[in-house]
$ cat my_file06.txt   # compact mmCIF, N, CA and C atoms
# COMPACT_ATOMS: atom_id res chain seq x y z
N MET A 1168 0.84 -1.19 0.00
CA MET A 1168 0.00 0.00 0.00
C MET A 1168 0.88 1.24 0.00
N SER A 1169 0.35 2.30 -0.54
CA SER A 1169 1.09 3.55 -0.57
C SER A 1169 1.12 4.17 0.82
N LYS A 1170 2.03 5.12 1.00
CA LYS A 1170 2.21 5.77 2.30
C LYS A 1170 0.93 6.44 2.82
N PRO A 1171 0.18 7.22 1.98
CA PRO A 1171 -1.07 7.81 2.49
C PRO A 1171 -2.10 6.76 2.89
N ALA A 1172 -2.17 5.63 2.17
CA ALA A 1172 -3.11 4.58 2.51
C ALA A 1172 -2.75 3.92 3.83
N VAL A 1173 -1.44 3.73 4.07
CA VAL A 1173 -0.99 3.15 5.34
C VAL A 1173 -1.31 4.10 6.47
N SER A 1174 -1.09 5.38 6.26
CA SER A 1174 -1.38 6.37 7.28
C SER A 1174 -2.88 6.41 7.59
N ALA A 1175 -3.72 6.29 6.56
CA ALA A 1175 -5.17 6.26 6.77
C ALA A 1175 -5.56 5.00 7.54
N PHE A 1176 -4.92 3.88 7.23
CA PHE A 1176 -5.16 2.62 7.96
C PHE A 1176 -4.81 2.80 9.43
N ARG A 1177 -3.62 3.34 9.68
CA ARG A 1177 -3.18 3.53 11.07
C ARG A 1177 -4.13 4.47 11.81
N GLN A 1178 -4.54 5.55 11.17
CA GLN A 1178 -5.44 6.50 11.81
C GLN A 1178 -6.80 5.88 12.09
N ALA A 1179 -7.28 5.03 11.18
CA ALA A 1179 -8.57 4.35 11.39
C ALA A 1179 -8.51 3.43 12.61
N VAL A 1180 -7.40 2.72 12.77
CA VAL A 1180 -7.25 1.83 13.93
C VAL A 1180 -7.16 2.65 15.21
N TYR A 1181 -6.36 3.72 15.19
CA TYR A 1181 -6.23 4.58 16.37
C TYR A 1181 -7.58 5.17 16.78
N ASN A 1182 -8.36 5.65 15.81
CA ASN A 1182 -9.66 6.24 16.11
C ASN A 1182 -10.62 5.22 16.71
N GLU A 1183 -10.67 4.03 16.14
CA GLU A 1183 -11.56 3.00 16.66
C GLU A 1183 -11.11 2.54 18.06
N ALA A 1184 -9.81 2.40 18.25
CA ALA A 1184 -9.29 2.01 19.57
C ALA A 1184 -9.61 3.07 20.62
N LYS A 1185 -9.53 4.33 20.22
CA LYS A 1185 -9.85 5.42 21.15
C LYS A 1185 -11.31 5.36 21.56
N SER A 1186 -12.20 5.10 20.61
CA SER A 1186 -13.62 5.03 20.94
C SER A 1186 -13.94 3.84 21.84
N LEU A 1187 -13.18 2.74 21.70
CA LEU A 1187 -13.38 1.56 22.55
C LEU A 1187 -12.55 1.59 23.83
N LYS A 1188 -11.72 2.63 23.97
CA LYS A 1188 -10.84 2.80 25.14
C LYS A 1188 -9.85 1.64 25.28
N ILE A 1189 -9.25 1.28 24.15
CA ILE A 1189 -8.23 0.23 24.12
C ILE A 1189 -6.88 0.91 23.93
N PRO A 1190 -5.93 0.67 24.84
CA PRO A 1190 -4.62 1.33 24.72
C PRO A 1190 -3.78 0.74 23.59
N ILE A 1191 -3.07 1.64 22.91
CA ILE A 1191 -2.12 1.23 21.87
C ILE A 1191 -0.74 1.70 22.28
N VAL A 1192 0.21 0.77 22.25
CA VAL A 1192 1.60 1.08 22.55
C VAL A 1192 2.34 1.14 21.22
N ASP A 1193 3.10 2.22 21.01
CA ASP A 1193 3.83 2.36 19.75
C ASP A 1193 5.22 2.90 20.01
N GLU A 1194 5.90 3.31 18.94
CA GLU A 1194 7.29 3.76 19.05
C GLU A 1194 7.46 4.99 19.92
N ARG A 1195 6.38 5.71 20.21
CA ARG A 1195 6.48 6.86 21.10
C ARG A 1195 6.67 6.43 22.55
N ALA A 1196 6.23 5.23 22.88
CA ALA A 1196 6.27 4.76 24.27
C ALA A 1196 7.37 3.74 24.54
N ILE A 1197 7.86 3.06 23.50
CA ILE A 1197 8.87 2.03 23.71
C ILE A 1197 10.07 2.28 22.80
N ASP A 1198 11.22 1.86 23.25
CA ASP A 1198 12.44 2.03 22.46
C ASP A 1198 12.73 0.80 21.61
N LYS A 1199 12.55 -0.37 22.19
CA LYS A 1199 12.88 -1.61 21.48
C LYS A 1199 11.82 -2.65 21.80
N LEU A 1200 11.36 -3.34 20.77
CA LEU A 1200 10.35 -4.36 20.96
C LEU A 1200 10.68 -5.55 20.08
N GLY A 1201 10.72 -6.71 20.68
CA GLY A 1201 10.91 -7.95 19.93
C GLY A 1201 9.76 -8.88 20.23
N ILE A 1202 9.23 -9.50 19.20
CA ILE A 1202 8.13 -10.44 19.37
C ILE A 1202 8.65 -11.82 19.03
N ASN A 1203 8.66 -12.71 20.02
CA ASN A 1203 9.15 -14.06 19.84
C ASN A 1203 7.98 -14.96 19.44
N LYS A 1204 7.84 -15.19 18.16
CA LYS A 1204 6.72 -15.97 17.65
C LYS A 1204 6.83 -17.45 18.00
N GLY A 1205 8.01 -17.91 18.38
CA GLY A 1205 8.20 -19.31 18.72
C GLY A 1205 7.67 -19.69 20.08
N SER A 1206 7.33 -18.70 20.91
CA SER A 1206 6.88 -19.01 22.26
C SER A 1206 5.36 -19.09 22.40
N VAL A 1207 4.64 -19.01 21.29
CA VAL A 1207 3.18 -19.08 21.34
C VAL A 1207 2.68 -20.23 20.49
N GLY A 1208 1.43 -20.58 20.70
CA GLY A 1208 0.85 -21.70 19.97
C GLY A 1208 0.54 -21.42 18.52
N GLY A 1209 0.23 -20.18 18.20
CA GLY A 1209 -0.11 -19.89 16.82
C GLY A 1209 -0.15 -18.40 16.54
N THR A 1210 -0.22 -18.07 15.26
CA THR A 1210 -0.29 -16.69 14.81
C THR A 1210 -1.48 -16.55 13.87
N ILE A 1211 -2.26 -15.53 14.09
CA ILE A 1211 -3.39 -15.24 13.22
C ILE A 1211 -3.12 -13.92 12.53
N ASP A 1212 -3.05 -13.95 11.20
CA ASP A 1212 -2.80 -12.76 10.40
C ASP A 1212 -4.11 -12.29 9.76
N MET A 1213 -4.39 -11.01 9.92
CA MET A 1213 -5.55 -10.40 9.30
C MET A 1213 -5.04 -9.30 8.37
N ARG A 1214 -5.53 -9.25 7.16
CA ARG A 1214 -5.13 -8.23 6.18
C ARG A 1214 -6.26 -7.22 6.01
N TYR A 1215 -5.92 -5.95 6.14
CA TYR A 1215 -6.88 -4.88 5.93
C TYR A 1215 -6.73 -4.34 4.52
N ARG A 1216 -7.86 -4.19 3.86
CA ARG A 1216 -7.91 -3.52 2.56
C ARG A 1216 -8.90 -2.38 2.68
N ASP A 1217 -8.75 -1.37 1.87
CA ASP A 1217 -9.63 -0.20 1.95
C ASP A 1217 -11.09 -0.60 2.01
N GLY A 1218 -11.80 0.00 2.96
CA GLY A 1218 -13.22 -0.26 3.10
C GLY A 1218 -13.58 -1.44 3.97
N GLU A 1219 -12.63 -2.10 4.57
CA GLU A 1219 -12.90 -3.27 5.41
C GLU A 1219 -12.78 -2.91 6.89
N GLU A 1220 -13.58 -1.94 7.33
CA GLU A 1220 -13.54 -1.52 8.73
C GLU A 1220 -13.95 -2.63 9.69
N THR A 1221 -14.68 -3.62 9.18
CA THR A 1221 -15.09 -4.75 10.01
C THR A 1221 -13.87 -5.49 10.55
N LYS A 1222 -12.81 -5.59 9.76
CA LYS A 1222 -11.59 -6.27 10.23
C LYS A 1222 -10.95 -5.50 11.38
N ILE A 1223 -10.96 -4.18 11.30
CA ILE A 1223 -10.42 -3.36 12.41
C ILE A 1223 -11.25 -3.60 13.66
N LYS A 1224 -12.56 -3.57 13.54
CA LYS A 1224 -13.43 -3.77 14.70
C LYS A 1224 -13.28 -5.18 15.28
N THR A 1225 -13.15 -6.18 14.43
CA THR A 1225 -12.95 -7.55 14.90
C THR A 1225 -11.63 -7.68 15.64
N PHE A 1226 -10.57 -7.12 15.07
CA PHE A 1226 -9.25 -7.17 15.69
C PHE A 1226 -9.28 -6.51 17.07
N LEU A 1227 -9.87 -5.33 17.16
CA LEU A 1227 -9.93 -4.63 18.44
C LEU A 1227 -10.86 -5.31 19.44
N ALA A 1228 -11.87 -6.03 18.95
CA ALA A 1228 -12.74 -6.80 19.84
C ALA A 1228 -11.95 -7.91 20.53
N VAL A 1229 -10.98 -8.48 19.83
CA VAL A 1229 -10.11 -9.50 20.44
C VAL A 1229 -9.31 -8.88 21.59
N ALA A 1230 -8.78 -7.69 21.37
CA ALA A 1230 -8.02 -7.01 22.44
C ALA A 1230 -8.92 -6.72 23.63
N LYS A 1231 -10.12 -6.27 23.36
CA LYS A 1231 -11.04 -5.97 24.44
C LYS A 1231 -11.42 -7.24 25.20
N TYR A 1232 -11.68 -8.32 24.49
CA TYR A 1232 -12.05 -9.58 25.12
C TYR A 1232 -10.93 -10.11 26.03
N HIS A 1233 -9.69 -10.01 25.56
CA HIS A 1233 -8.55 -10.53 26.33
C HIS A 1233 -7.94 -9.49 27.28
N HIS A 1234 -8.52 -8.29 27.33
CA HIS A 1234 -7.98 -7.20 28.16
C HIS A 1234 -6.50 -7.00 27.85
N ALA A 1235 -6.20 -6.92 26.57
CA ALA A 1235 -4.80 -6.85 26.11
C ALA A 1235 -4.49 -5.49 25.49
N LEU A 1236 -3.22 -5.16 25.52
CA LEU A 1236 -2.73 -3.98 24.82
C LEU A 1236 -2.64 -4.28 23.33
N VAL A 1237 -2.74 -3.26 22.54
CA VAL A 1237 -2.48 -3.36 21.11
C VAL A 1237 -1.11 -2.72 20.89
N ILE A 1238 -0.25 -3.41 20.17
CA ILE A 1238 1.11 -2.93 19.91
C ILE A 1238 1.22 -2.58 18.44
N TYR A 1239 1.74 -1.39 18.17
CA TYR A 1239 1.96 -0.96 16.79
C TYR A 1239 3.45 -0.99 16.50
N LYS A 1240 3.84 -1.76 15.47
CA LYS A 1240 5.24 -1.87 15.10
C LYS A 1240 5.33 -2.20 13.61
N ASP A 1241 6.18 -1.48 12.90
CA ASP A 1241 6.47 -1.76 11.49
C ASP A 1241 5.20 -1.85 10.63
N GLU A 1242 4.34 -0.85 10.77
CA GLU A 1242 3.11 -0.76 9.97
C GLU A 1242 2.14 -1.92 10.21
N SER A 1243 2.25 -2.58 11.36
CA SER A 1243 1.32 -3.65 11.74
C SER A 1243 0.90 -3.47 13.18
N PHE A 1244 -0.25 -3.96 13.51
CA PHE A 1244 -0.75 -3.96 14.88
C PHE A 1244 -0.74 -5.39 15.39
N PHE A 1245 -0.37 -5.56 16.66
CA PHE A 1245 -0.28 -6.89 17.27
C PHE A 1245 -1.06 -6.93 18.58
N ILE A 1246 -1.65 -8.08 18.85
CA ILE A 1246 -2.21 -8.40 20.16
C ILE A 1246 -1.56 -9.71 20.57
N ILE A 1247 -0.98 -9.71 21.75
CA ILE A 1247 -0.31 -10.92 22.24
C ILE A 1247 -1.10 -11.45 23.42
N THR A 1248 -1.64 -12.65 23.27
CA THR A 1248 -2.35 -13.31 24.36
C THR A 1248 -1.47 -14.44 24.88
N SER A 1249 -1.98 -15.21 25.80
CA SER A 1249 -1.16 -16.26 26.42
C SER A 1249 -0.72 -17.33 25.42
N ASP A 1250 -1.49 -17.57 24.38
CA ASP A 1250 -1.13 -18.64 23.46
C ASP A 1250 -1.22 -18.26 21.97
N MET A 1251 -1.54 -17.01 21.67
CA MET A 1251 -1.69 -16.59 20.27
C MET A 1251 -1.11 -15.20 20.05
N ILE A 1252 -0.70 -14.95 18.83
CA ILE A 1252 -0.34 -13.60 18.39
C ILE A 1252 -1.31 -13.25 17.26
N TRP A 1253 -2.02 -12.16 17.44
CA TRP A 1253 -2.93 -11.66 16.42
C TRP A 1253 -2.22 -10.49 15.73
N ARG A 1254 -2.27 -10.45 14.41
CA ARG A 1254 -1.61 -9.38 13.64
C ARG A 1254 -2.58 -8.80 12.62
N LEU A 1255 -2.68 -7.47 12.61
CA LEU A 1255 -3.47 -6.77 11.62
C LEU A 1255 -2.53 -5.90 10.81
N SER A 1256 -2.52 -6.09 9.51
CA SER A 1256 -1.63 -5.32 8.64
C SER A 1256 -2.32 -5.00 7.33
N THR A 1257 -1.64 -4.19 6.53
CA THR A 1257 -2.20 -3.83 5.22
C THR A 1257 -1.60 -4.70 4.15

$ encode --input "my_file06.txt" --output "structure tokens"
Amino acid sequence: MSKPAVSAFRQAVYNEAKSLKIPIVDERAIDKLGINKGSVGGTIDMRYRDGEETKIKTFLAVAKYHHALVIYKDESFFIITSDMIWRLST
């Protein structure tokens, strides 16, 4: 996706998370972040395309259900639960 489309995607996720009161941790709050995918049972990847706001809402509903933080890194959003990594990207 082009840079403006990625920025619109990021802004859409931030706006929806704000309305649901779900915290997002990003490069403004952390200096270094590593995600060890080998320590969990599985990874679920969700791809966002223009006009698919349902995927954003579904992704954030997972964070709300698990009382988890949403992490923004490298143009992707992550939710890490005890046994899964959820990823939303463009």

$ atom_distance --input "my_file06.txt" --atom1 "atom N of Glu1183 of chain A" --atom2 "atom N of Lys1231 of chain A"
12.6 Å

$ residues_around --input "my_file06.txt" --residues "Pro1190 of chain A" --least-positions-apart "4" --cutoff "7 Å" --atoms "all atoms listed in the file" --output "list in words"
Ala1184, Lys1185, Ala1235, Leu1236, Val1237 and Ile1238 of chain A

$ atom_distance --input "my_file06.txt" --atom1 "atom CA of Gly1209 of chain A" --atom2 "atom C of Asp1193 of chain A"
23.6 Å

$ closest_residue --input "my_file06.txt" --among "A:Gly1208, A:Leu1187, A:Tyr1181, A:Met1213" --to "Asp1250 of chain A" --atoms "only N, CA and C atoms"
A:Gly1208

$ atom_distance --input "my_file06.txt" --atom1 "atom N of Ser1174 of chain A" --atom2 "atom N of Asp1212 of chain A"
20.0 Å

$ residues_around --input "my_file06.txt" --residues "His1233 of chain A" --least-positions-apart "4" --cutoff "12 Å" --atoms "only C-alpha atoms" --output "VMD selection string"
chain A and resid 1189 1226 to 1229 1237 1246 to 1253
